[in-house]
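K.L.:
Pasting a structure here, questions to come.
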Amino acid sequence: MGNVEQESESCCDGLVSWCFPEPEVEIDFRHIETRTGPRWVTPHTLTGGGLAGNDGEGIDGDFAAGFADNSIHTAKYVGPIHRGQNGSAGPTFSRSPHHHHNRRRYQHTTDPSSSLITCTRHSPPTNATAIRYTVISFIPRGLFEQFRRVANVFFLVISCLMIIGDYCGIFLTPMSAWTTLGPLTLIIGLTLVKEGFEDQKRHKADDETNHRPASVLEPQAFATPGECKYCAEDWQDVKVGMLVKVEDRQDMPADLVPLMSSEEGGKCYVETANIDGETSLKLRQCAATRSNGGVVWSTPGELAAAEVKVQIQPPNPSIHAFEGTLQMKDDPMPVPLGPHQILLRGATLRNTKWILGLVVYTGNESKLVLNSRKAPSKLSIMESQVNSVIYFIFVVYFALTTLTTITRAEWEASNAQSMWYICENFENSGNKLFEDNCSDSVGYADVSYWFTFLILFSNLLPISLYVTIETINIFQAFFIDQDLEMYDTELGVAAMARTSNMNGDLGQIEYIFSDKTGTLTCNEMKFRRCSVGGKIYGQGVTEPSLDDSVKLSPSMNTSMSSDLGGTGSLSQDPGAATLAEQGEPMDCLAALSLVALGSRATKESMVAKSFLENMAVCHTVVVELNEQTGVALYQAESPDEEALVEGAKSLGWEYSTKLFDSTLVNIDSKGEVSYMVMAVIEFDSTRKRMSTLVQMPQTGAYKLFVKGADNIIAGLAAPDGFNLVGGKEMLDAHLELFATDGLRTLVLAERDLEETEATAWLGAWRDAVTATSGRAQVMEGVAKQIEKNLRVVGCTAIEDRLQDDVPSTIADLGTAGVKLWVLTGDKMTTAIHIGHSCRLLNKDMHKLMVSVDPIDESAGPPGPIDEQLAAAAAFLENNHSAAYAAADDLLGEPNPYGIPDADSMKAWLASFFMPCLGGEQAVGAAGSDTAPANVALIIDGPSLTTVFNDDNLVEQLLKIACTCRSVLACRVSPKQKQMIVRMVIRGSKTKPTTLAIGDGANDVGMIQEAQIGVGIRGKEGRQAVNNSDFAIAQFRFLKRLMMVHGRWNYRRMAKVIVYFFHKNIVITAVIFFFTTNCAYSGQSLFEDYLYAGYNFFLGVPPFCLGFFDKDISEKAAMTYFPCYAVGREKKDLNVRIMSWMMVHALIEGSAIYFLCKAAYMGSESIWQGGTGDTADLQVFGTIVFSVMITAMLCKVVILHYTWNVLCIAGIVFSIWLYFFFLFVYGAWYSMSEAFYWVPYHAVHFAPFWLLCFLMGSGTSMADVIIETARFYLSPKYSDAVREVEHNPKSGLPCDGTSGPEPELPEGHGSSPSLNPIQTSQHGFSRGGRAGDPGEIGADEHTSQDSSDSEIFMKNLTYRPSSSRNVKSESAVSAVPAESAGTDGR
């Protein structure tokens, strides 16, 4: 259950792909030959499905062998026919007459005059589809999906056994097959209807997409200056090799290589929000078919008659990688095609009137569709726990069946002599009459009764559990989607539950792994400060909310903090504070740069000019003109890049626009200046730098502008490359200062090139970008030839402020016992400052730092990583031995079967027979009662690289990290983020529940690795959201998602699961006890269809319990965060709870059966109506069944904390449904002769009503007594919170300062003043002020406790009250979280 099966391919596809696999190496290219005029075909080109070669031989193993080496193998792609209006074939693409979707057939021949290997491949389907079912596959595949659940298979087997018993007579069948097969068919049918309805919506969406119109350029024989003819094609009919026209604000119907554009120089702009969520415009370029880089065709008519050959990669899902070459017939020089020469399906054309593009990938081969894979299957913890319970129930079930079978055989052996009257052992009766009459009787072997009892006890497993859980999950997800408290008004974005089965897991989170940029911060970059020529410009950044933050001195450069005896200091440095406030005004920098343009230029002014030139020229920013306002806006792929360009603009160097081969910069008082752009070496996560080679205006000199990470630029600088900035030490000090302020830094550098060197390099660069093999590696090698001997001119500092309420959210999560690890790519000092800002770190916290690079040159180089970890472990063991030992107990190999050792068994038995004291404590380490040490671990990415290569170091790191309260990982890669999450999950015995939250594509790995992934709908696209289980707009909403919805949903679902197994164990116990009284004959106590309806009569109340129940209000959940521990510590659904449930159910079942039996046997058991007939088995069974229904309804009433109209209606409906069925079915003679008029006589039976009332109230009273005793003797934290909610002046204390467990102060009574069995939720306030706005208990917010039901009934959203924390005013009230007084949002 819960596993998502991937789409399966057909047998033919699998066989063909196995026999002839596509090479996975990038050097495997395919050819696309297209023309729209006279046919240009290479000799021996294969078309259709005919045989290849002179000898007519078909495909063999030589073809696969031909791709085994690393040489270039080109193949001619023969695709569909592209016809004009006259019906003549256009390009060399042709469809095989044996075309078959999803089949790839290869044929080859060796041309004696050419080394070209010609390949024919059948065209793939061009329509993209996301559907799961078709009309033909719906029933078989739908049934396959349903019977992947072990419970459905079980009930199908039981139904088959019933049919065999009924019609084959091999064994006795106690019930009709339809009593199980009918409900199973109904449940599966309802589920299939739901699946069909959902898939129908997918069909509709696919049809809308695949039938969108596309304008296709028709071929013509000769070039014409005028406009060509276009024909309309559906997207699903667009084929590889077609030329498609896309106009402004239209989407691309397929992956296209642009060949013509309406813009100058072949430019075009696209928006990729449908692909990666990024709304910024991206510059794309048509294939440079002209020698000077332009487009050779001047009109579409010329392109319609052109002949080109395109060589591209096989289809792959990488949206940022594309390699290929284009060659025209009369030009032997190949034209390079790269990522800037492809327009992906789904991208939108913007700020461009039209483009004409060549289709290269279509349908399921387009990059968008290849990226539309399903996320890895995640089995929720609740589902895993249910599966574990089901497996245990199976063991009990088979054991009970076997035990009963053995007992029956023993009983029959000892009592056979007395049962001659029913033909038992008639051969030895000594009575010839009986022997003659019983000789034809059918007897069953003792072993056959095993199947009889297997059928009889089959209700031990609840048949409707799965569909109930699924339905509850769907409605819980709906409530999350409709919560306006998690609605971001600025972005207009609401929370979204993308995976409904993870709702309950939100209430069990133990570890949170968070990205920083865009997740904790706003990702709104502002250019704040810079260092140019050794001087700082701009003032320091201060945040009034950072009362406890600590400034890091520039001398803090040790691999370990002073806690380990290092020389570094984390205290406030007055000198650093003074330095932080200094800085010349930015206007001075702007004025200084203008001096360099005059006749009195100085060295200092030239450095300023070079610095601002770099900011204004070295980028890939696109200028978008708002047609309505006429205002030009910058659109950048990176917020940092946009901030730098905006900063240059504010300093008088305004980037105006980018032409085909130049960048225009408008300089104050000097006008517009054009920089000829010769080459751009783009930024990537590996290079961590960007370079632009330009030809300077006026002088024509060549200059290389470079910007990148400080450690990268430092390695590329010339020996004297830091002279312009006052030396490397000065620049490092400034970088350290900016990082201490939490600013993001980049270093800017430049290099002058001679014309001969630049020309030679440009030739090598052109060869590199047109390389058909290993292009990326060749380009990197050529880039290194020029990116050297750099001259550093300064560094920039960009601010990315924290999101609203991030510090209070992190503090509140810590109060709830959740451990937060921040994983970022920033420098260590920047990350530490942000850690203090967001309250992940505090001034009293010891900091253990593990780093490969020295943080302080005065402290010398750091030691090896293993020694640093050993020193950290020794420090924790000496100073925090309890927490360190507790972490050690949690680590080790996971126990997949949950088999406890001797110590665990003793502890479990002790907890089993002891009351659950302190069930909701705000402890830190997951699964441990020992709070974590007030220590933070700070480690960098290079150190993690070393650690992950040694299993022993991984184990040691995990132990240290689990001991610490906070972990901060700096300079980590996306892969390292994923491995950190995996380390925590796989390295712990208990497999803790983890949550990963991020906003960018670099966070996808850890989001998919964690148990729950949360995506932030930020400014780095939607890739994180698309791969997440839940999506929110801001980090602060995570607190409400977990504390309110997660906690509610966990407790709701836990109650539903326990209740389901409880009621089914009760009915199985009743049947078992009856079996012992009927000579183990296999007779059922209940009428068949009455027995089959048990789960349906009790089906509605669990839905209401799972939809609406709340033990505490949402304001209390957002105020008293230790309440969250109930889910984090799995207090509501564990082995002990399930064991008590089974014992309780057995006691309850025995009480129901034996008391009903005593009352029935002790009365006048005669039918009403004066017939004189004795009351039979059916009457007794109906009475017991009715009593059992009443008791189970009372049980669910006791489980409710919150009541509303729907909950009451659910109970009333269940009672009505049962009695309606009882009397209608009992009056239907043709349906069941044995049950005819039985209900009428049962209700006239004297003890009937008394038993229903007494047993229902009696079992409920037992629950009330047990719960009341627990409440008075060992109240939980949530009990204290409920007490405060219901009675603000209650004597129940909740002094969180003395520990998470409530304690009674002197002078107060020893017991609470309020009955713990709550049947309604009331508001509460502090100090008796029940009407104060904003406080818990305000009258205007009281009705919000039933907001879920209001949503359900009215289909409207609700607006819960503000979650402001209120300071405690009374010693007897529950103490709120540490962040009381702050805004919870």
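Here's how to read the names in the structure tokens: chain A, B, ... by the order shown, residue numbers from 1 in each chain, ligand numbers from 1 in the order shown.
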Skipping near chain neighbours, those fewer than 2 positions away, what residues fall within 8 Å of stretch 791-800 of chain A using only C-alpha atoms, listed as a ChimeraX atom specification?

P.N.:
/A:517,521-534,607-608,610-611,640,643,717-718,720-725,731,735,738,742-751,789,802

K.L.:
Between A:Thr1202, A:Ser1113, A:Thr1119, A:Gln220, which residue has the minimum interatomic distance to A:Glu1285, considering only C-alpha atoms?

P.N.:
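Closest to A:Glu1285, using only C-alpha atoms: A:Ser1113.
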
K.L.:
Just the number, please: distance in Å from atom CA of A:Arg1022 to atom CA of A:Thr686, one decimal.

P.N.:
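For atom CA of A:Arg1022 relative to atom CA of A:Thr686, the distance reads 22.2 Å.
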
K.L.:
Work out how far atom CA of A:Glu780 is from atom CA of A:Phe322, in Å to one decimal.

P.N.:
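We find that atom CA of A:Phe322 and atom CA of A:Glu780 lie 15.6 Å from each other.
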
K.L.:
Counting only C-alpha atoms, figure out which residue out of A:Ser808, A:Ser137, A:Gln508, A:Asn459 gets nearest to A:Glu1129.

P.N.:
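The closest residue to A:Glu1129 is A:Gln508.
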
K.L.:
Please return, as a VMD selection string, all residues of stretch 993-1107 of chain A that DSSP assigns to alpha helix (DSSP H) on the basis of the backbone.

P.N.:
chain A and resid 1004 to 1009 1023 to 1026 1037 to 1040 1047 to 1077 1088 to 1092 1094 to 1097 1100 to 1107

K.L.:
Need the shell around A:Asp251: protein/DNA/RNA residues with any atom at most 7 Å away, counting only C-alpha atoms. Skip same-chain ones fewer than 2 positions apart. Format as a tab-separated table (two decimals) with all heavy atoms, in the first residue's frame?

P.N.:
```tsv
chain	number	residue	atom	x	y	z
A	249	ARG	N	3.77	35.31	-27.08
A	249	ARG	CA	2.92	34.80	-26.01
A	249	ARG	C	2.26	33.47	-26.36
A	249	ARG	O	1.27	33.07	-25.75
A	249	ARG	CB	1.87	35.83	-25.58
A	249	ARG	CG	2.50	37.10	-25.01
A	249	ARG	CD	1.49	38.01	-24.34
A	249	ARG	NE	2.15	39.17	-23.79
A	249	ARG	CZ	2.70	39.24	-22.57
A	249	ARG	NH1	2.68	38.16	-21.80
A	249	ARG	NH2	3.28	40.34	-22.14
A	253	PRO	N	5.08	24.12	-29.26
A	253	PRO	CA	4.39	22.83	-29.36
A	253	PRO	C	5.33	21.63	-29.24
A	253	PRO	O	4.88	20.50	-29.07
A	253	PRO	CB	3.74	22.88	-30.75
A	253	PRO	CG	4.65	23.75	-31.54
A	253	PRO	CD	5.18	24.78	-30.57
A	346	GLY	N	6.49	23.88	-24.08
A	346	GLY	CA	5.89	24.48	-22.89
A	346	GLY	C	6.41	25.86	-22.58
A	346	GLY	O	5.75	26.61	-21.83
A	347	ALA	N	7.58	26.24	-23.12
A	347	ALA	CA	8.08	27.59	-22.92
A	347	ALA	C	7.23	28.57	-23.72
A	347	ALA	O	6.64	28.23	-24.75
A	347	ALA	CB	9.55	27.68	-23.34
A	348	THR	N	7.15	29.82	-23.25
A	348	THR	CA	6.32	30.84	-23.88
A	348	THR	C	7.20	31.89	-24.53
A	348	THR	O	8.14	32.39	-23.90
A	348	THR	CB	5.41	31.51	-22.83
A	348	THR	OG1	4.64	30.51	-22.17
A	348	THR	CG2	4.47	32.51	-23.49
A	349	LEU	N	6.90	32.20	-25.78
A	349	LEU	CA	7.63	33.24	-26.49
A	349	LEU	C	7.19	34.60	-25.97
A	349	LEU	O	6.00	34.88	-25.88
A	349	LEU	CB	7.38	33.13	-28.00
A	349	LEU	CG	8.23	34.03	-28.90
A	349	LEU	CD1	9.68	33.59	-28.85
A	349	LEU	CD2	7.72	34.00	-30.34
```

K.L.:
Residues within 8 Å of stretch 1256-1260 of chain A, please, as number ranges by chain. Count only C-alpha atoms; anything in the same chain fewer than 4 positions from it doesn't count.

P.N.:
A: 1148, 1187-1188, 1190-1195, 1198, 1251-1252, 1264

K.L.:
Any chance you could export the current selection's all heavy atoms as an mmCIF file, in the first residue's frame?

P.N.:
```cif
data_model
loop_
_atom_site.group_PDB
_atom_site.id
_atom_site.type_symbol
_atom_site.label_atom_id
_atom_site.label_comp_id
_atom_site.auth_asym_id
_atom_site.auth_seq_id
_atom_site.Cartn_x
_atom_site.Cartn_y
_atom_site.Cartn_z
ATOM 1 N N GLU A 1148 -13.860 -6.674 26.328
ATOM 2 C CA GLU A 1148 -15.152 -6.131 25.924
ATOM 3 C C GLU A 1148 -15.971 -7.172 25.168
ATOM 4 O O GLU A 1148 -17.192 -7.295 25.374
ATOM 5 C CB GLU A 1148 -14.925 -4.884 25.054
ATOM 6 C CG GLU A 1148 -16.167 -4.027 24.882
ATOM 7 C CD GLU A 1148 -15.840 -2.672 24.308
ATOM 8 O OE1 GLU A 1148 -14.672 -2.231 24.450
ATOM 9 O OE2 GLU A 1148 -16.743 -2.053 23.723
ATOM 10 N N VAL A 1187 -26.407 -5.357 20.511
ATOM 11 C CA VAL A 1187 -25.668 -4.865 21.682
ATOM 12 C C VAL A 1187 -24.256 -4.451 21.267
ATOM 13 O O VAL A 1187 -23.732 -3.428 21.721
ATOM 14 C CB VAL A 1187 -25.636 -5.941 22.777
ATOM 15 C CG1 VAL A 1187 -24.694 -5.535 23.901
ATOM 16 C CG2 VAL A 1187 -27.034 -6.190 23.321
ATOM 17 N N MET A 1188 -23.657 -5.226 20.407
ATOM 18 C CA MET A 1188 -22.300 -4.930 19.955
ATOM 19 C C MET A 1188 -22.269 -3.630 19.142
ATOM 20 O O MET A 1188 -21.340 -2.805 19.306
ATOM 21 C CB MET A 1188 -21.783 -6.101 19.108
ATOM 22 C CG MET A 1188 -20.314 -6.059 18.806
ATOM 23 S SD MET A 1188 -19.718 -7.670 18.217
ATOM 24 C CE MET A 1188 -20.953 -8.047 16.969
ATOM 25 N N THR A 1190 -24.302 -1.110 19.457
ATOM 26 C CA THR A 1190 -24.492 -0.023 20.412
ATOM 27 C C THR A 1190 -23.202 0.269 21.172
ATOM 28 O O THR A 1190 -22.821 1.434 21.361
ATOM 29 C CB THR A 1190 -25.609 -0.383 21.399
ATOM 30 O OG1 THR A 1190 -26.792 -0.735 20.673
ATOM 31 C CG2 THR A 1190 -25.902 0.787 22.316
ATOM 32 N N ALA A 1191 -22.517 -0.791 21.618
ATOM 33 C CA ALA A 1191 -21.275 -0.601 22.371
ATOM 34 C C ALA A 1191 -20.203 0.054 21.520
ATOM 35 O O ALA A 1191 -19.455 0.920 21.998
ATOM 36 C CB ALA A 1191 -20.794 -1.948 22.903
ATOM 37 N N MET A 1192 -20.104 -0.312 20.234
ATOM 38 C CA MET A 1192 -19.078 0.271 19.376
ATOM 39 C C MET A 1192 -19.382 1.729 19.037
ATOM 40 O O MET A 1192 -18.465 2.548 18.888
ATOM 41 C CB MET A 1192 -18.944 -0.550 18.089
ATOM 42 C CG MET A 1192 -18.399 -1.966 18.302
ATOM 43 S SD MET A 1192 -16.787 -2.018 19.124
ATOM 44 C CE MET A 1192 -17.292 -2.398 20.814
ATOM 45 N N LEU A 1193 -20.666 2.073 18.939
ATOM 46 C CA LEU A 1193 -21.016 3.479 18.728
ATOM 47 C C LEU A 1193 -20.696 4.299 19.976
ATOM 48 O O LEU A 1193 -20.234 5.444 19.868
ATOM 49 C CB LEU A 1193 -22.494 3.608 18.365
ATOM 50 C CG LEU A 1193 -22.877 3.120 16.961
ATOM 51 C CD1 LEU A 1193 -24.388 3.206 16.755
ATOM 52 C CD2 LEU A 1193 -22.150 3.931 15.888
ATOM 53 N N CYS A 1194 -20.942 3.733 21.137
ATOM 54 C CA CYS A 1194 -20.566 4.432 22.374
ATOM 55 C C CYS A 1194 -19.055 4.584 22.472
ATOM 56 O O CYS A 1194 -18.549 5.584 22.999
ATOM 57 C CB CYS A 1194 -21.106 3.679 23.588
ATOM 58 S SG CYS A 1194 -22.912 3.704 23.737
ATOM 59 N N LYS A 1195 -18.330 3.607 21.958
ATOM 60 C CA LYS A 1195 -16.871 3.677 21.970
ATOM 61 C C LYS A 1195 -16.373 4.856 21.145
ATOM 62 O O LYS A 1195 -15.490 5.610 21.592
ATOM 63 C CB LYS A 1195 -16.296 2.370 21.415
ATOM 64 C CG LYS A 1195 -14.782 2.334 21.302
ATOM 65 C CD LYS A 1195 -14.138 2.231 22.653
ATOM 66 C CE LYS A 1195 -12.630 2.089 22.522
ATOM 67 N NZ LYS A 1195 -11.966 1.954 23.832
ATOM 68 N N ILE A 1198 -16.864 8.160 22.896
ATOM 69 C CA ILE A 1198 -15.854 8.432 23.909
ATOM 70 C C ILE A 1198 -14.563 8.967 23.275
ATOM 71 O O ILE A 1198 -13.865 9.802 23.858
ATOM 72 C CB ILE A 1198 -15.553 7.154 24.724
ATOM 73 C CG1 ILE A 1198 -16.783 6.752 25.530
ATOM 74 C CG2 ILE A 1198 -14.371 7.360 25.649
ATOM 75 C CD1 ILE A 1198 -17.211 7.786 26.530
ATOM 76 N N LEU A 1251 -30.196 -4.685 27.564
ATOM 77 C CA LEU A 1251 -28.830 -5.060 27.221
ATOM 78 C C LEU A 1251 -28.162 -3.993 26.352
ATOM 79 O O LEU A 1251 -26.994 -3.659 26.548
ATOM 80 C CB LEU A 1251 -28.827 -6.400 26.494
ATOM 81 C CG LEU A 1251 -29.049 -7.646 27.357
ATOM 82 C CD1 LEU A 1251 -29.237 -8.868 26.475
ATOM 83 C CD2 LEU A 1251 -27.870 -7.843 28.297
ATOM 84 N N CYS A 1252 -28.894 -3.467 25.382
ATOM 85 C CA CYS A 1252 -28.324 -2.425 24.513
ATOM 86 C C CYS A 1252 -27.904 -1.214 25.336
ATOM 87 O O CYS A 1252 -26.817 -0.640 25.135
ATOM 88 C CB CYS A 1252 -29.328 -2.013 23.443
ATOM 89 S SG CYS A 1252 -29.584 -3.249 22.151
ATOM 90 N N VAL A 1264 -14.419 5.576 30.560
ATOM 91 C CA VAL A 1264 -14.414 6.829 31.308
ATOM 92 C C VAL A 1264 -13.621 6.684 32.603
ATOM 93 O O VAL A 1264 -12.823 7.559 32.979
ATOM 94 C CB VAL A 1264 -15.857 7.284 31.600
ATOM 95 C CG1 VAL A 1264 -15.871 8.471 32.560
ATOM 96 C CG2 VAL A 1264 -16.576 7.655 30.316
#
```

K.L.:
Applying 12 Å and only C-alpha atoms, which residues near stretch 392-395 of chain A remain after dropping the ones on its own chain fewer than 2 positions away? List them as a short mmCIF file (atom, residue, chain, number, x, y, z; two decimals) with C-alpha atoms, in the first residue's frame.

P.N.:
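Dumped everything to out28.cif:
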```
data_model
loop_
_atom_site.label_atom_id
_atom_site.label_comp_id
_atom_site.auth_asym_id
_atom_site.auth_seq_id
_atom_site.Cartn_x
_atom_site.Cartn_y
_atom_site.Cartn_z
CA VAL A 150 -2.62 -7.46 0.65
CA ALA A 151 -5.98 -6.98 2.39
CA PHE A 154 -6.89 -11.71 1.39
CA GLN A 385 2.35 1.21 10.92
CA VAL A 386 -0.97 -0.07 9.58
CA ASN A 387 0.88 -2.63 7.49
CA SER A 388 2.79 -3.78 10.57
CA VAL A 389 -0.44 -4.15 12.51
CA ILE A 390 -2.01 -6.07 9.63
CA TYR A 397 -5.54 -14.81 12.74
CA PHE A 398 -3.77 -17.93 11.52
CA ALA A 399 -2.78 -18.89 15.05
CA LEU A 400 -6.40 -18.55 16.21
CA THR A 401 -7.62 -20.59 13.25
CA THR A 402 -5.08 -23.34 13.86
CA LEU A 403 -5.73 -23.39 17.60
CA LEU A 454 -10.43 -19.29 8.46
CA PHE A 457 -12.80 -15.39 11.70
CA SER A 458 -12.11 -13.43 8.51
CA ASN A 459 -13.63 -10.27 9.95
CA LEU A 460 -10.63 -9.94 12.22
CA LEU A 461 -9.16 -7.82 9.40
CA PRO A 462 -11.33 -4.73 8.68
CA TYR A 897 11.35 -6.24 11.58
CA GLY A 898 11.23 -4.43 14.89
CA PHE A 1061 -9.02 -2.90 14.77
CA HIS A 1062 -10.78 -2.68 18.14
CA ASN A 1064 -13.20 -6.04 14.53
CA ILE A 1065 -11.39 -7.82 17.34
CA THR A 1068 -14.12 -11.91 16.31
CA VAL A 1135 3.02 -1.45 20.18
CA MET A 1138 -2.16 -1.70 20.10
CA SER A 1139 -1.51 -4.31 22.80
CA MET A 1142 -6.32 -5.97 21.88
#
```

K.L.:
Can you check which parts of stretch 1204-1264 of chain A lie within 12 Å of stretch 1090-1102 of chain A? Per residue, the shortest pair of atoms and distance in Å to one decimal, counting only C-alpha atoms, sorted by chain and number, as CSV.

P.N.:
```
residue,atom,partner,partner_atom,distance
A:Leu1206,CA,A:Pro1101,CA,9.4
A:Cys1207,CA,A:Pro1101,CA,6.9
A:Ile1208,CA,A:Pro1101,CA,8.7
A:Ala1209,CA,A:Pro1101,CA,8.9
A:Gly1210,CA,A:Pro1101,CA,5.3
A:Ile1211,CA,A:Pro1101,CA,6.0
A:Val1212,CA,A:Pro1101,CA,9.4
A:Phe1213,CA,A:Val1100,CA,7.9
A:Ser1214,CA,A:Phe1097,CA,5.6
A:Ile1215,CA,A:Phe1097,CA,7.7
A:Trp1216,CA,A:Phe1097,CA,9.2
A:Leu1217,CA,A:Phe1097,CA,6.5
A:Tyr1218,CA,A:Phe1097,CA,5.7
A:Phe1219,CA,A:Phe1097,CA,9.5
A:Phe1220,CA,A:Phe1097,CA,10.4
A:Phe1221,CA,A:Leu1090,CA,8.6
A:Leu1222,CA,A:Leu1090,CA,7.9
A:Phe1223,CA,A:Leu1090,CA,11.3
A:Val1224,CA,A:Leu1090,CA,11.8
A:Tyr1225,CA,A:Leu1090,CA,9.1
A:Gly1226,CA,A:Leu1090,CA,10.1
A:Ser1232,CA,A:Leu1090,CA,11.0
A:Phe1235,CA,A:Leu1090,CA,9.7
A:Val1238,CA,A:Leu1090,CA,11.8
A:Pro1239,CA,A:Leu1090,CA,11.2
```

K.L.:
Would you mind reading off the distance between atom CA of A:Lys788 and atom CA of A:Met690, one decimal, in Å?

P.N.:
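According to the coordinates, atom CA of A:Lys788 and atom CA of A:Met690 are separated by 12.9 Å.
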
K.L.:
So that I can see what lies close to A:Met382, please list as a PyMOL selection string the residues with an atom at most 12 Å from it, counting only C-alpha atoms and leaving out residues fewer than 6 positions away in the same chain.

P.N.:
chain A and resi 1-2+388-389+466+469-470+473+500-508+993+1011+1049-1058+1127+1130+1132-1134

K.L.:
Might you pull out every residue within 7 Å of stretch 629-637 of chain A, with only C-alpha atoms counted and same-chain residues fewer than 5 positions away left off, and present them as a list in words?

P.N.:
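Counting only the stated atoms, we get Ser280, Leu281, Thr620, Val621, Val622, Val623, Glu624 and Glu642 of chain A.
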